[in-house]
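To start, the structure under review is shown below, and the notes come after it.
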Amino acid sequence: MGKENPAEKALNLIRGRLCDPTFVFRPLSGPPDSNYSKLKFIVSTSITEGCNNSILLLGPRGSGKAAVLDLVVGDLMEEYPDSVTLIRLNGLLHSEDNCAFKEIARQLCMEHHLLFSKMASFDENSQFIIAMLRECGLAHKTIIFVLDEFDMFAQGKQRLLYSLLDAMQSVTSQAVVVGISSRLDADQLLEKRVRSRFSHRKILFLPPSREEIDSLLEHLLSLPADSSFPSGYVTQFNEKIKNITSDTRFKDMLKTFLNANSTVNSLLKFIFRAVSSMNLESGLLSLENFKTALSSMLRQPKLEAVRDCSILELYLLVCMRRLEVKEQSSYNFISVMKEYKTIHDSFQTSDFYAQNVCLRAFEHLREREVICYAENRGQSQAGEYRPMKLLISASELHQGMRSHACCPAILLKLLDH
């Protein structure tokens, strides 16, 4: 095998970073007020002081809740290798009480090299878990229960939550329950008996600030100086990254993207797409790479639908828009056809079609969900008499028509007036 091209090596390195949550979130864990620091303090207190705790990690999907928790647990297992047992459950898989207790018992048996019985009953598993909590507490070992999709466990009778939190009321137990949920009201779903045993600690995962994003971009995209890369290439690559991130056009692109989705996970996908389109010949990222990534991720289906319309369908959309401008609150296919004929008579356009052809085009627009019926009533009426409405805004229609390959100039003129 030949020597690996520095550009390919850089590409593989950055892709590997983007797919490694530990590497991504490590720089965000530094400040003392970070979510990492808060969570580590709570969990480490339970380990060192032998107390019980419960906490909720709340925030939108992709905001880094599970990644930060994994970072905390990994660090604590290194610091206290013989004092931590981790039990993971997911509400999508284990929300049924019997299934949840069996899974906890299985993981505890695996962790402590015990024989697990698949035939054990619900009560037997429950008693076994309580006994293990007591034994681990006496041995000064903390059990961390991670309940992903926590809101799924808060449905039904909530027997799992009640049993765990009730067992943690004992002075001999030593455990932490960490719930992860994208529902900000997850704690309000708890029954009174469960809520009274819950410690009501919550950590909210907000979108990263502009300063955090800047430091994250530098952390992810910069090549290490003390590496196997040629020093000249490293300097050139890092200088290019600084130029891109300081460019106002890049900042505008980033702002546009984050307005649509501001989670860390979506930002990583955006960077991954940009890096994947890097020119391997030059070996450097460019502003065009990020522009391509932005256009591929912020797809606009309505604009694409307008761009794919026939000339006749464009005429019908313009007619509907003109009727709305004239403050005609309710219109149907017949009204649109009258406006269509008025345009033809006024401008003597060559694009004039029979009513049955226009009706088929009208139905096609409805199937594409560019237009729809204004109300569900009157379903017994023929389609051409039912009130309709546009599902795209004037700016979307105008933008879609301007990018249309064959849009007649007269239609843009009609739309502007």
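Within each chain, counting starts at residue 1; across the structure tokens, chains are named A, B, ... in the order shown, with ligands numbered 1 upward in that order.
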Closest atom pairs, residues of stretch 312-333 of chain A within 9 Å of stretch 339-354 of chain A, only C-alpha atoms, as a tab-separated table:
```
residue	atom	partner	partner_atom	distance
A:Leu312	CA	A:Asp351	CA	7.3
A:Tyr315	CA	A:Tyr340	CA	7.2
A:Leu316	CA	A:Tyr340	CA	7.1
A:Val318	CA	A:Tyr340	CA	8.9
A:Cys319	CA	A:Glu339	CA	5.9
A:Met320	CA	A:Glu339	CA	8.3
A:Arg322	CA	A:Glu339	CA	8.2
A:Leu323	CA	A:Glu339	CA	7.7
```
Could you write out that same residue set with C-alpha atoms as a short mmCIF file (atom, residue, chain, number, x, y, z; two decimals), in the first residue's frame?
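File result.cif, as written:
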```cif
data_model
loop_
_atom_site.label_atom_id
_atom_site.label_comp_id
_atom_site.auth_asym_id
_atom_site.auth_seq_id
_atom_site.Cartn_x
_atom_site.Cartn_y
_atom_site.Cartn_z
CA LEU A 312 -50.27 25.69 -16.76
CA TYR A 315 -50.69 30.05 -14.21
CA LEU A 316 -53.22 28.52 -11.82
CA VAL A 318 -50.62 32.93 -9.94
CA CYS A 319 -54.38 33.24 -10.46
CA MET A 320 -55.04 31.98 -6.93
CA ARG A 322 -54.07 37.31 -7.42
CA LEU A 323 -57.49 36.38 -6.04
#
```
Spatial neighbours of A:Leu189, max dist 12 Å, only C-alpha atoms, sep filter under 3 positions, as a PyMOL selection string: chain A and resi 150-158+161+181+183-186+192-195
Next, dump the selected residues to file, keeping only N, CA, C and O atoms, as a CSV table (one decimal), in the first residue's frame.
```
chain,number,residue,atom,x,y,z
A,150,PHE,N,-37.4,8.8,29.6
A,150,PHE,CA,-37.9,8.7,30.9
A,150,PHE,C,-39.5,8.9,30.9
A,150,PHE,O,-40.2,8.3,31.7
A,151,ASP,N,-40.0,9.7,30.0
A,151,ASP,CA,-41.4,10.0,30.0
A,151,ASP,C,-42.2,8.7,29.7
A,151,ASP,O,-43.4,8.6,30.1
A,152,MET,N,-41.6,7.7,29.0
A,152,MET,CA,-42.3,6.5,28.7
A,152,MET,C,-42.5,5.6,30.0
A,152,MET,O,-43.4,4.9,30.1
A,153,PHE,N,-41.5,5.8,30.9
A,153,PHE,CA,-41.7,5.1,32.2
A,153,PHE,C,-42.7,5.8,33.1
A,153,PHE,O,-43.2,5.1,34.1
A,154,ALA,N,-43.0,7.0,32.8
A,154,ALA,CA,-44.0,7.8,33.6
A,154,ALA,C,-45.4,7.5,33.2
A,154,ALA,O,-46.4,8.2,33.6
A,155,GLN,N,-45.7,6.5,32.3
A,155,GLN,CA,-47.0,6.2,31.9
A,155,GLN,C,-47.5,4.9,32.7
A,155,GLN,O,-46.7,4.2,33.2
A,156,GLY,N,-48.8,4.7,32.7
A,156,GLY,CA,-49.3,3.6,33.4
A,156,GLY,C,-49.2,3.7,34.9
A,156,GLY,O,-49.3,4.8,35.5
A,157,LYS,N,-48.9,2.6,35.6
A,157,LYS,CA,-48.9,2.6,37.0
A,157,LYS,C,-47.6,3.0,37.7
A,157,LYS,O,-47.5,3.2,38.9
A,158,GLN,N,-46.6,3.2,36.8
A,158,GLN,CA,-45.2,3.7,37.3
A,158,GLN,C,-44.6,2.8,38.4
A,158,GLN,O,-44.0,3.4,39.3
A,161,LEU,N,-40.7,3.1,38.7
A,161,LEU,CA,-40.2,4.3,39.3
A,161,LEU,C,-40.4,4.3,40.8
A,161,LEU,O,-39.6,4.7,41.6
A,181,SER,N,-35.0,12.8,29.0
A,181,SER,CA,-36.2,13.0,28.3
A,181,SER,C,-36.2,14.3,27.4
A,181,SER,O,-35.5,15.3,27.8
A,183,ARG,N,-39.0,15.7,26.8
A,183,ARG,CA,-40.2,16.4,27.3
A,183,ARG,C,-39.8,17.3,28.5
A,183,ARG,O,-39.4,16.7,29.5
A,184,LEU,N,-40.0,18.6,28.4
A,184,LEU,CA,-39.6,19.5,29.5
A,184,LEU,C,-40.6,19.3,30.7
A,184,LEU,O,-40.2,19.7,31.8
A,185,ASP,N,-41.7,18.7,30.5
A,185,ASP,CA,-42.7,18.5,31.6
A,185,ASP,C,-42.7,17.1,32.1
A,185,ASP,O,-43.6,16.6,32.7
A,186,ALA,N,-41.6,16.4,31.9
A,186,ALA,CA,-41.5,15.0,32.3
A,186,ALA,C,-41.8,14.8,33.8
A,186,ALA,O,-42.4,13.8,34.1
A,192,LYS,N,-48.3,11.2,42.4
A,192,LYS,CA,-48.0,11.9,43.6
A,192,LYS,C,-47.1,11.0,44.5
A,192,LYS,O,-46.1,11.6,45.1
A,193,ARG,N,-47.3,9.7,44.6
A,193,ARG,CA,-46.5,8.9,45.4
A,193,ARG,C,-45.0,8.8,44.9
A,193,ARG,O,-44.1,8.6,45.6
A,194,VAL,N,-44.9,8.9,43.5
A,194,VAL,CA,-43.5,8.8,42.9
A,194,VAL,C,-42.9,10.2,43.1
A,194,VAL,O,-41.7,10.3,43.4
A,195,ARG,N,-43.6,11.3,42.8
A,195,ARG,CA,-43.1,12.6,42.9
A,195,ARG,C,-42.6,13.0,44.3
A,195,ARG,O,-41.6,13.7,44.4
```
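With only C-alpha atoms as the atoms that count, the residue of A:Ser393, A:Phe270, A:Glu135, A:Glu363 with the shortest distance to A:Thr256 is A:Phe270.
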List as a ChimeraX atom specification the protein and nucleic acid residues near A:Ala7, meaning an atom at most 9 Å away when only C-alpha atoms are counted, but skip any in the same chain fewer than 6 places from it. /A:233,278-284
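Using only C-alpha atoms for every distance, the candidate list A:His140, A:Arg134, A:Arg159, A:Lys38 yields A:Arg159 as the residue closest to A:Ala100.
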Among stretch 205-289 of chain A, which residues carry a DSSP assignment of alpha helix (DSSP H), reported as a PyMOL selection string? chain A and resi 210-221+231-246+248-260+264-276+287-289
Residues as selected, C-alpha atoms, written as a PDB file, in the first residue's frame, can you do that?
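What landed in again-v1.pdb:
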```
ATOM      1  CA  ARG A 210     -22.015  31.580  19.819  1.00  0.00           C
ATOM      2  CA  GLU A 211     -18.747  31.449  21.780  1.00  0.00           C
ATOM      3  CA  GLU A 212     -19.222  27.711  22.424  1.00  0.00           C
ATOM      4  CA  ILE A 213     -19.908  27.105  18.726  1.00  0.00           C
ATOM      5  CA  ASP A 214     -16.756  28.997  17.715  1.00  0.00           C
ATOM      6  CA  SER A 215     -14.592  27.002  20.146  1.00  0.00           C
ATOM      7  CA  LEU A 216     -16.302  23.765  19.044  1.00  0.00           C
ATOM      8  CA  LEU A 217     -15.589  24.469  15.357  1.00  0.00           C
ATOM      9  CA  GLU A 218     -11.929  25.133  16.118  1.00  0.00           C
ATOM     10  CA  HIS A 219     -11.740  21.999  18.288  1.00  0.00           C
ATOM     11  CA  LEU A 220     -13.293  19.795  15.583  1.00  0.00           C
ATOM     12  CA  LEU A 221     -11.703  21.171  12.425  1.00  0.00           C
ATOM     13  CA  SER A 231       3.971  20.850   9.222  1.00  0.00           C
ATOM     14  CA  GLY A 232       3.417  23.058   6.176  1.00  0.00           C
ATOM     15  CA  TYR A 233       0.117  21.325   5.421  1.00  0.00           C
ATOM     16  CA  VAL A 234      -1.082  21.685   9.045  1.00  0.00           C
ATOM     17  CA  THR A 235      -0.330  25.423   9.048  1.00  0.00           C
ATOM     18  CA  GLN A 236      -2.038  25.935   5.691  1.00  0.00           C
ATOM     19  CA  PHE A 237      -5.098  23.866   6.687  1.00  0.00           C
ATOM     20  CA  ASN A 238      -5.590  25.596  10.052  1.00  0.00           C
ATOM     21  CA  GLU A 239      -5.110  29.034   8.507  1.00  0.00           C
ATOM     22  CA  LYS A 240      -7.797  28.224   5.951  1.00  0.00           C
ATOM     23  CA  ILE A 241     -10.195  27.144   8.727  1.00  0.00           C
ATOM     24  CA  LYS A 242      -9.604  30.444  10.579  1.00  0.00           C
ATOM     25  CA  ASN A 243     -10.290  32.429   7.389  1.00  0.00           C
ATOM     26  CA  ILE A 244     -13.536  30.533   6.747  1.00  0.00           C
ATOM     27  CA  THR A 245     -14.885  30.807  10.313  1.00  0.00           C
ATOM     28  CA  SER A 246     -14.107  34.537  10.463  1.00  0.00           C
ATOM     29  CA  THR A 248     -19.103  37.094   7.441  1.00  0.00           C
ATOM     30  CA  ARG A 249     -20.626  34.898   4.703  1.00  0.00           C
ATOM     31  CA  PHE A 250     -19.875  31.781   6.764  1.00  0.00           C
ATOM     32  CA  LYS A 251     -21.334  33.425   9.868  1.00  0.00           C
ATOM     33  CA  ASP A 252     -24.516  34.244   7.933  1.00  0.00           C
ATOM     34  CA  MET A 253     -24.736  30.655   6.690  1.00  0.00           C
ATOM     35  CA  LEU A 254     -24.245  29.312  10.204  1.00  0.00           C
ATOM     36  CA  LYS A 255     -26.899  31.668  11.562  1.00  0.00           C
ATOM     37  CA  THR A 256     -29.371  30.552   8.853  1.00  0.00           C
ATOM     38  CA  PHE A 257     -28.704  26.906   9.676  1.00  0.00           C
ATOM     39  CA  LEU A 258     -28.949  27.331  13.464  1.00  0.00           C
ATOM     40  CA  ASN A 259     -32.237  29.229  13.083  1.00  0.00           C
ATOM     41  CA  ALA A 260     -33.702  26.015  11.658  1.00  0.00           C
ATOM     42  CA  VAL A 264     -25.225  20.170  18.655  1.00  0.00           C
ATOM     43  CA  ASN A 265     -26.194  17.003  16.781  1.00  0.00           C
ATOM     44  CA  SER A 266     -27.531  18.956  13.795  1.00  0.00           C
ATOM     45  CA  LEU A 267     -24.391  21.143  13.771  1.00  0.00           C
ATOM     46  CA  LEU A 268     -22.236  17.999  13.626  1.00  0.00           C
ATOM     47  CA  LYS A 269     -24.238  16.710  10.646  1.00  0.00           C
ATOM     48  CA  PHE A 270     -23.786  20.058   8.906  1.00  0.00           C
ATOM     49  CA  ILE A 271     -19.992  19.996   9.456  1.00  0.00           C
ATOM     50  CA  PHE A 272     -19.806  16.327   8.400  1.00  0.00           C
ATOM     51  CA  ARG A 273     -21.497  17.101   5.066  1.00  0.00           C
ATOM     52  CA  ALA A 274     -19.218  20.065   4.465  1.00  0.00           C
ATOM     53  CA  VAL A 275     -16.077  18.058   5.266  1.00  0.00           C
ATOM     54  CA  SER A 276     -17.223  15.144   3.072  1.00  0.00           C
ATOM     55  CA  LEU A 287     -16.598  28.218   1.847  1.00  0.00           C
ATOM     56  CA  GLU A 288     -18.275  26.462  -1.074  1.00  0.00           C
ATOM     57  CA  ASN A 289     -18.205  23.159   0.868  1.00  0.00           C
TER      58      ASN A 289
END
```
Identify, on the basis of only C-alpha atoms, every residue whose closest approach to A:Gln399 does not exceed 10 Å; exclude the query and any residue fewer than 3 positions from it along the same chain; express the result as a compact mmCIF listing (two decimals) with C-alpha atoms, in the first residue's frame.
```txt
# COMPACT_ATOMS: atom_id res chain seq x y z
CA LEU A 303 -39.99 25.57 -3.49
CA VAL A 306 -43.11 25.00 -7.52
CA ARG A 307 -39.96 24.41 -9.57
CA SER A 393 -46.66 31.97 0.87
CA ALA A 394 -46.25 34.73 -1.71
CA SER A 395 -42.46 34.84 -1.16
CA GLU A 396 -42.15 31.07 -1.61
CA ARG A 402 -37.80 32.77 -10.33
CA SER A 403 -35.79 29.54 -10.11
CA HIS A 404 -38.15 27.70 -12.51
CA LEU A 412 -43.51 37.12 -12.69
```
I'd like to know which of A:Leu18, A:Leu414, A:Leu317, A:Leu133 is closest to A:Leu365, using only C-alpha atoms.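 That would be A:Leu317, the residue with the smallest distance to A:Leu365.
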